[in-house]
$ cat target_15.cif   # mmCIF, C-alpha atoms (C1' of nucleotides)
data_target
loop_
_atom_site.label_atom_id
_atom_site.label_comp_id
_atom_site.auth_asym_id
_atom_site.auth_seq_id
_atom_site.Cartn_x
_atom_site.Cartn_y
_atom_site.Cartn_z
CA MET I 510 -32.49 -36.56 -7.97
CA ASN I 511 -35.58 -34.39 -8.28
CA LYS I 512 -38.20 -37.10 -7.95
CA LYS I 513 -36.25 -38.72 -5.16
CA VAL I 514 -36.86 -35.81 -2.78
CA TYR I 515 -40.54 -36.67 -2.50
CA THR I 516 -39.86 -40.41 -2.51
CA LEU I 517 -37.57 -40.03 0.48
CA TYR I 518 -40.35 -38.24 2.32
CA HIS I 519 -42.64 -41.22 1.91
CA ASP I 520 -39.85 -43.50 3.10
CA LEU I 521 -39.60 -41.44 6.30
CA LEU I 522 -43.37 -41.46 6.74
CA LYS I 523 -43.45 -45.21 6.36
CA LYS I 524 -40.63 -45.63 8.86
CA HIS I 525 -41.74 -43.18 11.57
CA GLY I 526 -45.31 -42.17 10.84
CA GLU I 527 -46.63 -38.61 10.80
CA ALA I 528 -44.35 -36.23 12.66
CA GLU I 529 -47.43 -34.48 14.03
CA LYS I 530 -47.98 -37.36 16.42
CA PHE I 531 -44.83 -36.21 18.24
CA TRP I 532 -46.18 -32.72 18.83
CA PRO I 533 -50.01 -32.87 18.64
CA GLN I 534 -50.32 -29.91 20.98
CA TRP I 535 -48.74 -27.71 18.32
CA CYS I 536 -50.63 -28.63 15.20
CA ALA I 537 -50.99 -25.61 12.96
CA ALA I 538 -54.71 -25.27 13.58
CA LYS I 539 -54.35 -25.33 17.34
CA LYS I 540 -51.41 -22.99 17.77
CA THR I 541 -52.01 -19.93 19.92
CA ALA I 542 -50.09 -16.67 19.70
CA LYS I 543 -48.27 -17.79 22.83
CA ASP I 544 -47.20 -21.02 21.16
CA ARG I 545 -45.95 -19.10 18.13
CA GLY I 546 -43.90 -16.77 20.32
CA LEU I 547 -42.45 -19.69 22.23
CA ILE I 548 -41.42 -21.45 19.03
CA ALA I 549 -39.76 -18.32 17.66
CA ILE I 550 -37.87 -17.71 20.89
CA GLY I 551 -36.84 -21.37 20.94
CA ALA I 552 -35.56 -21.09 17.38
CA ILE I 553 -33.17 -18.34 18.44
CA LEU I 554 -32.11 -20.00 21.68
CA THR I 555 -31.24 -23.28 19.99
CA GLN I 556 -28.77 -21.74 17.55
CA ARG I 557 -25.57 -23.81 17.69
CA THR I 558 -26.83 -25.27 20.96
CA SER I 559 -28.29 -28.58 22.07
CA TRP I 560 -32.06 -28.59 22.33
CA ASN I 561 -31.68 -29.62 25.97
CA ASN I 562 -29.86 -26.39 26.79
CA ALA I 563 -32.35 -24.28 24.85
CA HIS I 564 -35.11 -26.12 26.69
CA LEU I 565 -33.58 -25.25 30.07
CA ALA I 566 -33.55 -21.60 29.04
CA LEU I 567 -37.19 -21.77 27.90
CA LYS I 568 -38.22 -23.25 31.24
CA ASN I 569 -36.40 -20.42 33.01
CA LEU I 570 -38.23 -17.87 30.87
CA LYS I 571 -41.57 -19.50 31.64
CA ARG I 572 -40.85 -19.43 35.36
CA GLY I 573 -39.77 -15.79 35.12
CA LYS I 574 -42.90 -14.74 33.17
CA LEU I 575 -40.70 -13.83 30.22
CA LEU I 576 -41.87 -16.48 27.76
CA SER I 577 -43.79 -13.69 26.10
CA LEU I 578 -42.74 -11.42 23.23
CA LYS I 579 -44.67 -8.52 24.73
CA ASN I 580 -43.05 -8.90 28.15
CA ILE I 581 -39.60 -9.27 26.64
CA ALA I 582 -40.09 -6.22 24.42
CA GLY I 583 -41.13 -4.24 27.49
CA LEU I 584 -37.89 -4.81 29.37
CA THR I 585 -35.82 -1.75 30.19
CA ASN I 586 -32.58 -3.73 30.37
CA LEU I 587 -31.43 -7.23 29.47
CA ASN I 588 -30.15 -8.41 32.87
CA LYS I 589 -33.07 -10.70 33.73
CA LEU I 590 -33.34 -12.02 30.17
CA THR I 591 -29.61 -12.71 30.17
CA ASN I 592 -29.70 -14.63 33.43
CA LEU I 593 -32.71 -16.73 32.48
CA THR I 594 -31.38 -17.68 29.05
CA ARG I 595 -27.85 -18.39 30.29
CA PRO I 596 -28.17 -22.20 29.89
CA ALA I 597 -28.53 -21.66 26.13
CA GLY I 598 -25.03 -20.18 26.04
CA PHE I 599 -23.73 -17.13 24.16
CA TYR I 600 -25.04 -14.81 26.85
CA GLN I 601 -23.62 -11.73 25.17
CA THR I 602 -25.55 -12.22 21.96
CA LYS I 603 -28.60 -14.45 22.38
CA PRO I 604 -30.55 -12.30 24.86
CA ARG I 605 -30.08 -9.36 22.53
CA ARG I 606 -31.23 -11.41 19.55
CA VAL I 607 -34.38 -12.47 21.41
CA PHE I 608 -35.03 -8.90 22.54
CA GLU I 609 -34.57 -7.47 19.04
CA PHE I 610 -37.00 -10.02 17.61
CA ALA I 611 -39.57 -9.38 20.34
CA SER I 612 -39.27 -5.62 19.82
CA PHE I 613 -39.59 -6.01 16.06
CA VAL I 614 -42.84 -7.96 16.42
CA THR I 615 -44.48 -5.77 19.03
CA LYS I 616 -43.45 -2.45 17.46
CA ASN I 617 -44.28 -3.29 13.86
CA TYR I 618 -47.09 -5.81 14.18
CA ILE I 619 -48.45 -5.52 17.74
CA ASN I 620 -48.47 -9.31 18.01
CA ILE I 621 -47.18 -12.36 16.18
CA ASP I 622 -50.58 -13.24 14.69
CA ARG I 623 -50.39 -9.99 12.74
CA LEU I 624 -46.88 -10.87 11.53
CA LYS I 625 -48.33 -14.20 10.39
CA LYS I 626 -50.58 -12.34 7.96
CA GLU I 627 -47.57 -10.76 6.27
CA ASN I 628 -46.53 -11.89 2.80
CA LEU I 629 -43.96 -14.72 2.94
CA ARG I 630 -41.24 -12.98 0.95
CA THR I 631 -41.65 -9.75 2.89
CA ALA I 632 -41.68 -11.54 6.25
CA ARG I 633 -38.53 -13.50 5.36
CA ASP I 634 -36.66 -10.39 4.21
CA LYS I 635 -37.61 -8.54 7.38
CA LEU I 636 -36.57 -11.44 9.62
CA LEU I 637 -33.24 -11.68 7.81
CA SER I 638 -32.63 -7.99 8.39
CA LEU I 639 -32.80 -8.48 12.16
CA TYR I 640 -29.63 -8.88 14.20
CA GLY I 641 -28.84 -12.53 14.86
CA ILE I 642 -31.44 -14.00 12.53
CA GLY I 643 -29.90 -15.77 9.56
CA PRO I 644 -31.51 -18.04 6.97
CA GLU I 645 -31.99 -21.06 9.21
CA THR I 646 -33.57 -19.21 12.12
CA ALA I 647 -35.72 -17.16 9.74
CA ASP I 648 -37.01 -20.29 8.01
CA THR I 649 -37.59 -22.07 11.31
CA ILE I 650 -39.71 -19.16 12.53
CA LEU I 651 -41.55 -18.96 9.20
CA LEU I 652 -42.30 -22.68 8.99
CA TYR I 653 -43.04 -23.57 12.62
CA ALA I 654 -44.08 -20.34 14.32
CA LEU I 655 -45.92 -18.75 11.40
CA ASP I 656 -46.95 -21.90 9.47
CA LYS I 657 -45.56 -20.52 6.24
CA LEU I 658 -44.25 -22.41 3.24
CA SER I 659 -40.51 -22.13 3.87
CA PHE I 660 -38.32 -25.24 4.09
CA VAL I 661 -35.64 -25.29 6.80
CA ILE I 662 -32.07 -26.23 5.93
CA ASP I 663 -30.15 -27.09 9.09
CA GLU I 664 -27.33 -29.47 9.99
CA TYR I 665 -29.75 -32.39 10.02
CA THR I 666 -31.15 -31.53 6.60
CA LYS I 667 -27.62 -31.20 5.21
CA ARG I 668 -26.58 -34.58 6.61
CA PHE I 669 -29.78 -36.10 5.24
CA VAL I 670 -29.06 -34.69 1.78
CA ALA I 671 -25.44 -35.83 1.89
CA ARG I 672 -26.56 -39.30 2.88
CA HIS I 673 -29.40 -39.80 0.40
CA LEU I 674 -28.84 -37.40 -2.49
CA SER I 675 -25.86 -36.11 -4.43
CA PRO I 676 -26.52 -32.40 -4.89
CA GLU I 677 -24.41 -30.33 -7.28
CA ASN I 678 -23.68 -27.97 -4.44
CA ILE I 679 -24.67 -27.62 -0.82
CA THR I 680 -25.30 -23.90 -0.45
CA TYR I 681 -28.28 -22.97 1.68
CA ASP I 682 -30.38 -21.59 -1.15
CA PHE I 683 -29.67 -24.48 -3.50
CA LEU I 684 -30.80 -27.06 -0.93
CA LYS I 685 -33.83 -24.97 0.02
CA ASP I 686 -34.88 -24.80 -3.65
CA LEU I 687 -34.21 -28.51 -4.04
CA PHE I 688 -36.85 -29.33 -1.43
CA GLU I 689 -39.31 -26.58 -2.29
CA ASN I 690 -39.25 -27.30 -6.03
CA ASN I 691 -39.95 -30.99 -5.56
CA LEU I 692 -42.62 -31.09 -2.87
CA PRO I 693 -46.34 -30.29 -2.76
CA LYS I 694 -46.83 -26.71 -1.59
CA LYS I 695 -48.24 -27.75 1.76
CA VAL I 696 -47.08 -26.47 5.13
CA GLY I 697 -47.91 -29.81 6.73
CA VAL I 698 -45.59 -31.62 4.33
CA TYR I 699 -42.72 -29.20 4.98
CA GLN I 700 -43.18 -29.47 8.76
CA ASN I 701 -43.53 -33.23 8.73
CA TYR I 702 -40.59 -33.76 6.39
CA HIS I 703 -38.15 -31.55 8.28
CA THR I 704 -39.19 -32.94 11.66
CA LEU I 705 -38.90 -36.52 10.39
CA ILE I 706 -35.39 -35.82 9.10
CA ILE I 707 -34.42 -34.97 12.67
CA VAL I 708 -36.40 -37.81 14.25
CA ASP I 709 -34.71 -40.21 11.84
CA GLN I 710 -31.27 -39.10 13.04
CA LYS I 711 -31.72 -38.58 16.76
CA GLY I 712 -35.07 -40.00 17.80
CA GLU I 713 -38.36 -38.46 18.91
CA GLU I 714 -37.04 -36.92 22.10
CA GLY I 715 -34.76 -34.62 20.16
CA SER I 716 -37.54 -33.01 18.20
CA PHE I 717 -37.62 -29.26 18.23
CA MET I 718 -41.26 -29.51 19.16
CA LYS I 719 -40.65 -31.38 22.40
CA LYS I 720 -43.23 -30.31 24.94
CA LEU I 721 -42.12 -27.58 27.29
"C1'" DA M 236 -10.34 -33.09 30.60
"C1'" DC M 237 -11.89 -33.34 26.54
"C1'" DC M 238 -15.87 -33.09 22.57
"C1'" DC M 239 -20.12 -31.80 20.80
"C1'" DA M 240 -24.60 -29.33 19.81
"C1'" DG M 241 -30.98 -27.27 14.58
"C1'" DG M 242 -25.88 -20.49 13.52
"C1'" DT M 243 -24.52 -15.91 13.02
"C1'" DG M 244 -21.87 -11.76 12.15
"C1'" DG M 245 -17.44 -9.95 11.57
"C1'" DC M 246 -13.42 -10.32 9.69
"C1'" DC M 247 -10.10 -11.24 5.58
"C1'" DC M 248 -8.89 -12.00 0.88
"C1'" DG O 715 -18.87 -14.32 -2.90
"C1'" DG O 716 -16.57 -17.73 -0.01
"C1'" DG O 717 -13.44 -19.39 3.92
"C1'" DC O 718 -12.25 -18.89 8.79
"C1'" DC O 719 -13.24 -17.72 13.57
"C1'" DA O 720 -15.17 -16.48 18.23
"C1'" DC O 721 -18.88 -17.13 20.75
"C1'" DA O 722 -21.00 -20.03 26.20
"C1'" DT O 723 -23.34 -23.57 28.36
"C1'" DG O 724 -24.53 -28.36 29.96
"C1'" DG O 725 -24.23 -33.29 29.04
"C1'" DG O 726 -21.70 -37.49 27.61
#
$ encode --input "target_15.cif" --output "structure tokens"
Amino acid sequence: MNKKVYTLYHDLLKKHGEAEKFWPQWCAAKKTAKDRGLIAIGAILTQRTSWNNAHLALKNLKRGKLLSLKNIAGLTNLNKLTNLTRPAGFYQTKPRRVFEFASFVTKNYINIDRLKKENLRTARDKLLSLYGIGPETADTILLYALDKLSFVIDEYTKRFVARHLSPENITYDFLKDLFENNLPKKVGVYQNYHTLIIVDQKGEEGSFMKKL
DNA sequence: ACCCAGGTGGCCC
DNA sequence: GGGCCACATGGG
């Protein structure tokens, strides 16, 4: 099973090509602090929600000048944030989750580029300590917003594993280790692999990195 | 009128 | 530590 993890990656590459071609505007080297904030906010908004609905909420935030961690952290109440993110559902929890994350970044790091400089283990532990950020959202933020070496285990990854591998167990940490222990330690590989797993199941349009 | 979608925290045992 | 459950919205 071990060797097969990397083999499957090459199969996906052969079938779909580099995932980066689907989101060239967000290649690691080109990402701005704004992009990183947007990706992190999107990661929270898409929890248990179709990307289309999260996308509607992101467009509302952009229109309302709230697609900004600093602006969100500066809010005195959550009314506007709640109304703009309503399409993403869970209006009683998601706005608060976004606000808590934005406050965490601005209070402790000033901006997300400073958080990016944090040690991976420390950053992950701190993200996990925040309200509404569990392992999947933390890893999504780490891998895509901060370009850190942290593989994402989501529903698509689990289906992919069930379909192509026969893991001893399917706990989050076991599957995360399965990928991380059998791949080159390269952020580009992690990002490409995870994105291709999704593209393989639902097509390019469904990619998390769809242009806003 | 159903059913589903890149989870999470709060229960309960 | 694991198994349930509520949570909200828009699209098929």
$ resolve_selection --input "target_15.cif" --expression "the PyMOL selection byres ((chain I) within 10 of (chain M))" --output "mmCIF file with C-alpha atoms, in the frame of the given file"
data_model
loop_
_atom_site.group_PDB
_atom_site.id
_atom_site.type_symbol
_atom_site.label_atom_id
_atom_site.label_comp_id
_atom_site.auth_asym_id
_atom_site.auth_seq_id
_atom_site.Cartn_x
_atom_site.Cartn_y
_atom_site.Cartn_z
ATOM 1 C CA ALA I 552 -35.560 -21.090 17.380
ATOM 2 C CA ILE I 553 -33.170 -18.340 18.440
ATOM 3 C CA THR I 555 -31.240 -23.280 19.990
ATOM 4 C CA GLN I 556 -28.770 -21.740 17.550
ATOM 5 C CA ARG I 557 -25.570 -23.810 17.690
ATOM 6 C CA THR I 558 -26.830 -25.270 20.960
ATOM 7 C CA SER I 559 -28.290 -28.580 22.070
ATOM 8 C CA TRP I 560 -32.060 -28.590 22.330
ATOM 9 C CA ASN I 561 -31.680 -29.620 25.970
ATOM 10 C CA ASN I 562 -29.860 -26.390 26.790
ATOM 11 C CA THR I 602 -25.550 -12.220 21.960
ATOM 12 C CA TYR I 640 -29.630 -8.880 14.200
ATOM 13 C CA GLY I 641 -28.840 -12.530 14.860
ATOM 14 C CA ILE I 642 -31.440 -14.000 12.530
ATOM 15 C CA GLY I 643 -29.900 -15.770 9.560
ATOM 16 C CA PRO I 644 -31.510 -18.040 6.970
ATOM 17 C CA GLU I 645 -31.990 -21.060 9.210
ATOM 18 C CA THR I 646 -33.570 -19.210 12.120
ATOM 19 C CA THR I 649 -37.590 -22.070 11.310
ATOM 20 C CA VAL I 661 -35.640 -25.290 6.800
ATOM 21 C CA ILE I 662 -32.070 -26.230 5.930
ATOM 22 C CA ASP I 663 -30.150 -27.090 9.090
ATOM 23 C CA GLU I 664 -27.330 -29.470 9.990
ATOM 24 C CA TYR I 665 -29.750 -32.390 10.020
ATOM 25 C CA THR I 666 -31.150 -31.530 6.600
ATOM 26 C CA ILE I 707 -34.420 -34.970 12.670
ATOM 27 C CA GLY I 715 -34.760 -34.620 20.160
ATOM 28 C CA SER I 716 -37.540 -33.010 18.200
ATOM 29 C CA PHE I 717 -37.620 -29.260 18.230
#
$ closest_residue --input "target_15.cif" --among "I:Asp634, I:Ile621, I:Ile581, I:Leu658" --to "Leu692 (chain I)" --atoms "all atoms listed in the file"
I:Leu658
$ residues_around --input "target_15.cif" --residues "region 715-722 of chain O" --least-positions-apart "3" --cutoff "8 Å" --atoms "only C-alpha atoms (C1' of nucleotides)" --output "VMD selection string"
chain I and resid 597 to 600
$ atom_distance --input "target_15.cif" --atom1 "CA of His564 (chain I)" --atom2 "CA of Lys603 (chain I)"
14.0 Å
$ residues_near_point --input "target_15.cif" --point "(-49.0, -36.3, 10.2)" --cutoff "10 Å" --atoms "all atoms listed in the file" --output "MDAnalysis selection string"
chainID I and resid 522 526:533 536 697:698 700:702
$ atom_distance --input "target_15.cif" --atom1 "CA of Ile706 (chain I)" --atom2 "CA of Ala632 (chain I)"
25.2 Å
$ atom_distance --input "target_15.cif" --atom1 "CA of Leu721 (chain I)" --atom2 "CA of Lys635 (chain I)"
27.9 Å
$ residues_near_point --input "target_15.cif" --point "(-44.3, -11.3, 7.7)" --cutoff "10 Å" --atoms "only C-alpha atoms (C1' of nucleotides)" --output "NGL selection string"
:I and (614 or 618 or 621-636 or 651 or 655 or 657)
$ resolve_selection --input "target_15.cif" --expression "the PyMOL selection byres ((chain I and resi 669) around 12)" --output "PDB file with C-alpha atoms, keeping the file's coordinate frame"
ATOM      1  CA  VAL I 514     -36.860 -35.810  -2.780  1.00  0.00           C
ATOM      2  CA  LEU I 517     -37.570 -40.030   0.480  1.00  0.00           C
ATOM      3  CA  TYR I 518     -40.350 -38.240   2.320  1.00  0.00           C
ATOM      4  CA  LEU I 521     -39.600 -41.440   6.300  1.00  0.00           C
ATOM      5  CA  ILE I 662     -32.070 -26.230   5.930  1.00  0.00           C
ATOM      6  CA  ASP I 663     -30.150 -27.090   9.090  1.00  0.00           C
ATOM      7  CA  GLU I 664     -27.330 -29.470   9.990  1.00  0.00           C
ATOM      8  CA  TYR I 665     -29.750 -32.390  10.020  1.00  0.00           C
ATOM      9  CA  THR I 666     -31.150 -31.530   6.600  1.00  0.00           C
ATOM     10  CA  LYS I 667     -27.620 -31.200   5.210  1.00  0.00           C
ATOM     11  CA  ARG I 668     -26.580 -34.580   6.610  1.00  0.00           C
ATOM     12  CA  VAL I 670     -29.060 -34.690   1.780  1.00  0.00           C
ATOM     13  CA  ALA I 671     -25.440 -35.830   1.890  1.00  0.00           C
ATOM     14  CA  ARG I 672     -26.560 -39.300   2.880  1.00  0.00           C
ATOM     15  CA  HIS I 673     -29.400 -39.800   0.400  1.00  0.00           C
ATOM     16  CA  LEU I 674     -28.840 -37.400  -2.490  1.00  0.00           C
ATOM     17  CA  SER I 675     -25.860 -36.110  -4.430  1.00  0.00           C
ATOM     18  CA  PRO I 676     -26.520 -32.400  -4.890  1.00  0.00           C
ATOM     19  CA  ILE I 679     -24.670 -27.620  -0.820  1.00  0.00           C
ATOM     20  CA  LEU I 684     -30.800 -27.060  -0.930  1.00  0.00           C
ATOM     21  CA  PHE I 688     -36.850 -29.330  -1.430  1.00  0.00           C
ATOM     22  CA  TYR I 702     -40.590 -33.760   6.390  1.00  0.00           C
ATOM     23  CA  HIS I 703     -38.150 -31.550   8.280  1.00  0.00           C
ATOM     24  CA  THR I 704     -39.190 -32.940  11.660  1.00  0.00           C
ATOM     25  CA  LEU I 705     -38.900 -36.520  10.390  1.00  0.00           C
ATOM     26  CA  ILE I 706     -35.390 -35.820   9.100  1.00  0.00           C
ATOM     27  CA  ILE I 707     -34.420 -34.970  12.670  1.00  0.00           C
ATOM     28  CA  VAL I 708     -36.400 -37.810  14.250  1.00  0.00           C
ATOM     29  CA  ASP I 709     -34.710 -40.210  11.840  1.00  0.00           C
ATOM     30  CA  GLN I 710     -31.270 -39.100  13.040  1.00  0.00           C
ATOM     31  CA  LYS I 711     -31.720 -38.580  16.760  1.00  0.00           C
TER      32      LYS I 711
END
$ closest_residue --input "target_15.cif" --among "I:Thr594, I:Leu639, I:Lys571, I:Asn580" --to "chain O" --atoms "all atoms listed in the file"
I:Thr594
$ closest_residue --input "target_15.cif" --among "I:Ala647, I:Arg572, I:Ala542, I:Gln601" --to "chain O" --atoms "all atoms listed in the file"
I:Gln601
$ axis_aligned_box --input "target_15.cif" --around "chain O" --padding-each-side "5 Å" --output "lines of an AutoDock Vina configuration file"
center_x = -18.4
center_y = -25.9
center_z = 13.5
size_x = 22.3
size_y = 33.2
size_z = 42.9
$ resolve_selection --input "target_15.cif" --expression "the PyMOL selection byres ((chain O and resi 724) around 8)" --output "PyMOL selection string"
(chain I and resi 562+596) or (chain O and resi 723+725)
$ build_atoms --input "target_15.cif" --residues "region 664-689 of chain I" --atoms "N, CA and C atoms" --output "mmCIF file, in the frame of the given file"
data_model
loop_
_atom_site.group_PDB
_atom_site.id
_atom_site.type_symbol
_atom_site.label_atom_id
_atom_site.label_comp_id
_atom_site.auth_asym_id
_atom_site.auth_seq_id
_atom_site.Cartn_x
_atom_site.Cartn_y
_atom_site.Cartn_z
ATOM 1 N N GLU I 664 -28.358 -28.429 10.025
ATOM 2 C CA GLU I 664 -27.330 -29.470 9.990
ATOM 3 C C GLU I 664 -27.943 -30.841 9.695
ATOM 4 N N TYR I 665 -29.105 -31.098 10.227
ATOM 5 C CA TYR I 665 -29.750 -32.390 10.020
ATOM 6 C C TYR I 665 -30.177 -32.546 8.564
ATOM 7 N N THR I 666 -30.746 -31.485 8.003
ATOM 8 C CA THR I 666 -31.150 -31.530 6.600
ATOM 9 C C THR I 666 -29.927 -31.755 5.706
ATOM 10 N N LYS I 667 -28.829 -31.063 6.028
ATOM 11 C CA LYS I 667 -27.620 -31.200 5.210
ATOM 12 C C LYS I 667 -27.062 -32.615 5.276
ATOM 13 N N ARG I 668 -27.063 -33.203 6.475
ATOM 14 C CA ARG I 668 -26.580 -34.580 6.610
ATOM 15 C C ARG I 668 -27.494 -35.541 5.849
ATOM 16 N N PHE I 669 -28.796 -35.269 5.928
ATOM 17 C CA PHE I 669 -29.780 -36.100 5.240
ATOM 18 C C PHE I 669 -29.535 -36.059 3.727
ATOM 19 N N VAL I 670 -29.317 -34.860 3.217
ATOM 20 C CA VAL I 670 -29.060 -34.690 1.780
ATOM 21 C C VAL I 670 -27.766 -35.389 1.390
ATOM 22 N N ALA I 671 -26.735 -35.216 2.199
ATOM 23 C CA ALA I 671 -25.440 -35.830 1.890
ATOM 24 C C ALA I 671 -25.562 -37.348 1.888
ATOM 25 N N ARG I 672 -26.416 -37.849 2.737
ATOM 26 C CA ARG I 672 -26.560 -39.300 2.880
ATOM 27 C C ARG I 672 -27.394 -39.920 1.753
ATOM 28 N N HIS I 673 -28.453 -39.201 1.338
ATOM 29 C CA HIS I 673 -29.400 -39.800 0.400
ATOM 30 C C HIS I 673 -29.394 -39.220 -1.009
ATOM 31 N N LEU I 674 -28.844 -38.027 -1.177
ATOM 32 C CA LEU I 674 -28.840 -37.400 -2.490
ATOM 33 C C LEU I 674 -27.412 -36.994 -2.838
ATOM 34 N N SER I 675 -27.199 -36.582 -4.044
ATOM 35 C CA SER I 675 -25.860 -36.110 -4.430
ATOM 36 C C SER I 675 -25.999 -34.759 -5.118
ATOM 37 N N PRO I 676 -26.265 -33.726 -4.323
ATOM 38 C CA PRO I 676 -26.520 -32.400 -4.890
ATOM 39 C C PRO I 676 -25.276 -31.816 -5.560
ATOM 40 N N GLU I 677 -25.515 -30.976 -6.572
ATOM 41 C CA GLU I 677 -24.410 -30.330 -7.280
ATOM 42 C C GLU I 677 -23.642 -29.417 -6.336
ATOM 43 N N ASN I 678 -24.368 -28.766 -5.459
ATOM 44 C CA ASN I 678 -23.680 -27.970 -4.440
ATOM 45 C C ASN I 678 -24.525 -27.977 -3.179
ATOM 46 N N ILE I 679 -23.950 -27.518 -2.098
ATOM 47 C CA ILE I 679 -24.670 -27.620 -0.820
ATOM 48 C C ILE I 679 -24.871 -26.251 -0.162
ATOM 49 N N THR I 680 -24.997 -25.221 -1.005
ATOM 50 C CA THR I 680 -25.300 -23.900 -0.450
ATOM 51 C C THR I 680 -26.710 -23.924 0.107
ATOM 52 N N TYR I 681 -26.967 -23.006 1.031
ATOM 53 C CA TYR I 681 -28.280 -22.970 1.680
ATOM 54 C C TYR I 681 -29.404 -22.839 0.663
ATOM 55 N N ASP I 682 -29.286 -21.853 -0.214
ATOM 56 C CA ASP I 682 -30.380 -21.590 -1.150
ATOM 57 C C ASP I 682 -30.594 -22.718 -2.149
ATOM 58 N N PHE I 683 -29.513 -23.367 -2.551
ATOM 59 C CA PHE I 683 -29.670 -24.480 -3.500
ATOM 60 C C PHE I 683 -30.468 -25.610 -2.856
ATOM 61 N N LEU I 684 -30.098 -25.969 -1.616
ATOM 62 C CA LEU I 684 -30.800 -27.060 -0.930
ATOM 63 C C LEU I 684 -32.243 -26.684 -0.634
ATOM 64 N N LYS I 685 -32.462 -25.426 -0.257
ATOM 65 C CA LYS I 685 -33.830 -24.970 0.020
ATOM 66 C C LYS I 685 -34.693 -25.110 -1.239
ATOM 67 N N ASP I 686 -34.154 -24.677 -2.376
ATOM 68 C CA ASP I 686 -34.880 -24.800 -3.650
ATOM 69 C C ASP I 686 -35.098 -26.265 -4.010
ATOM 70 N N LEU I 687 -34.113 -27.089 -3.724
ATOM 71 C CA LEU I 687 -34.210 -28.510 -4.040
ATOM 72 C C LEU I 687 -35.453 -29.125 -3.394
ATOM 73 N N PHE I 688 -35.670 -28.803 -2.122
ATOM 74 C CA PHE I 688 -36.850 -29.330 -1.430
ATOM 75 C C PHE I 688 -38.123 -28.636 -1.926
ATOM 76 N N GLU I 689 -38.088 -27.319 -1.973
ATOM 77 C CA GLU I 689 -39.310 -26.580 -2.290
ATOM 78 C C GLU I 689 -39.788 -26.795 -3.720
#
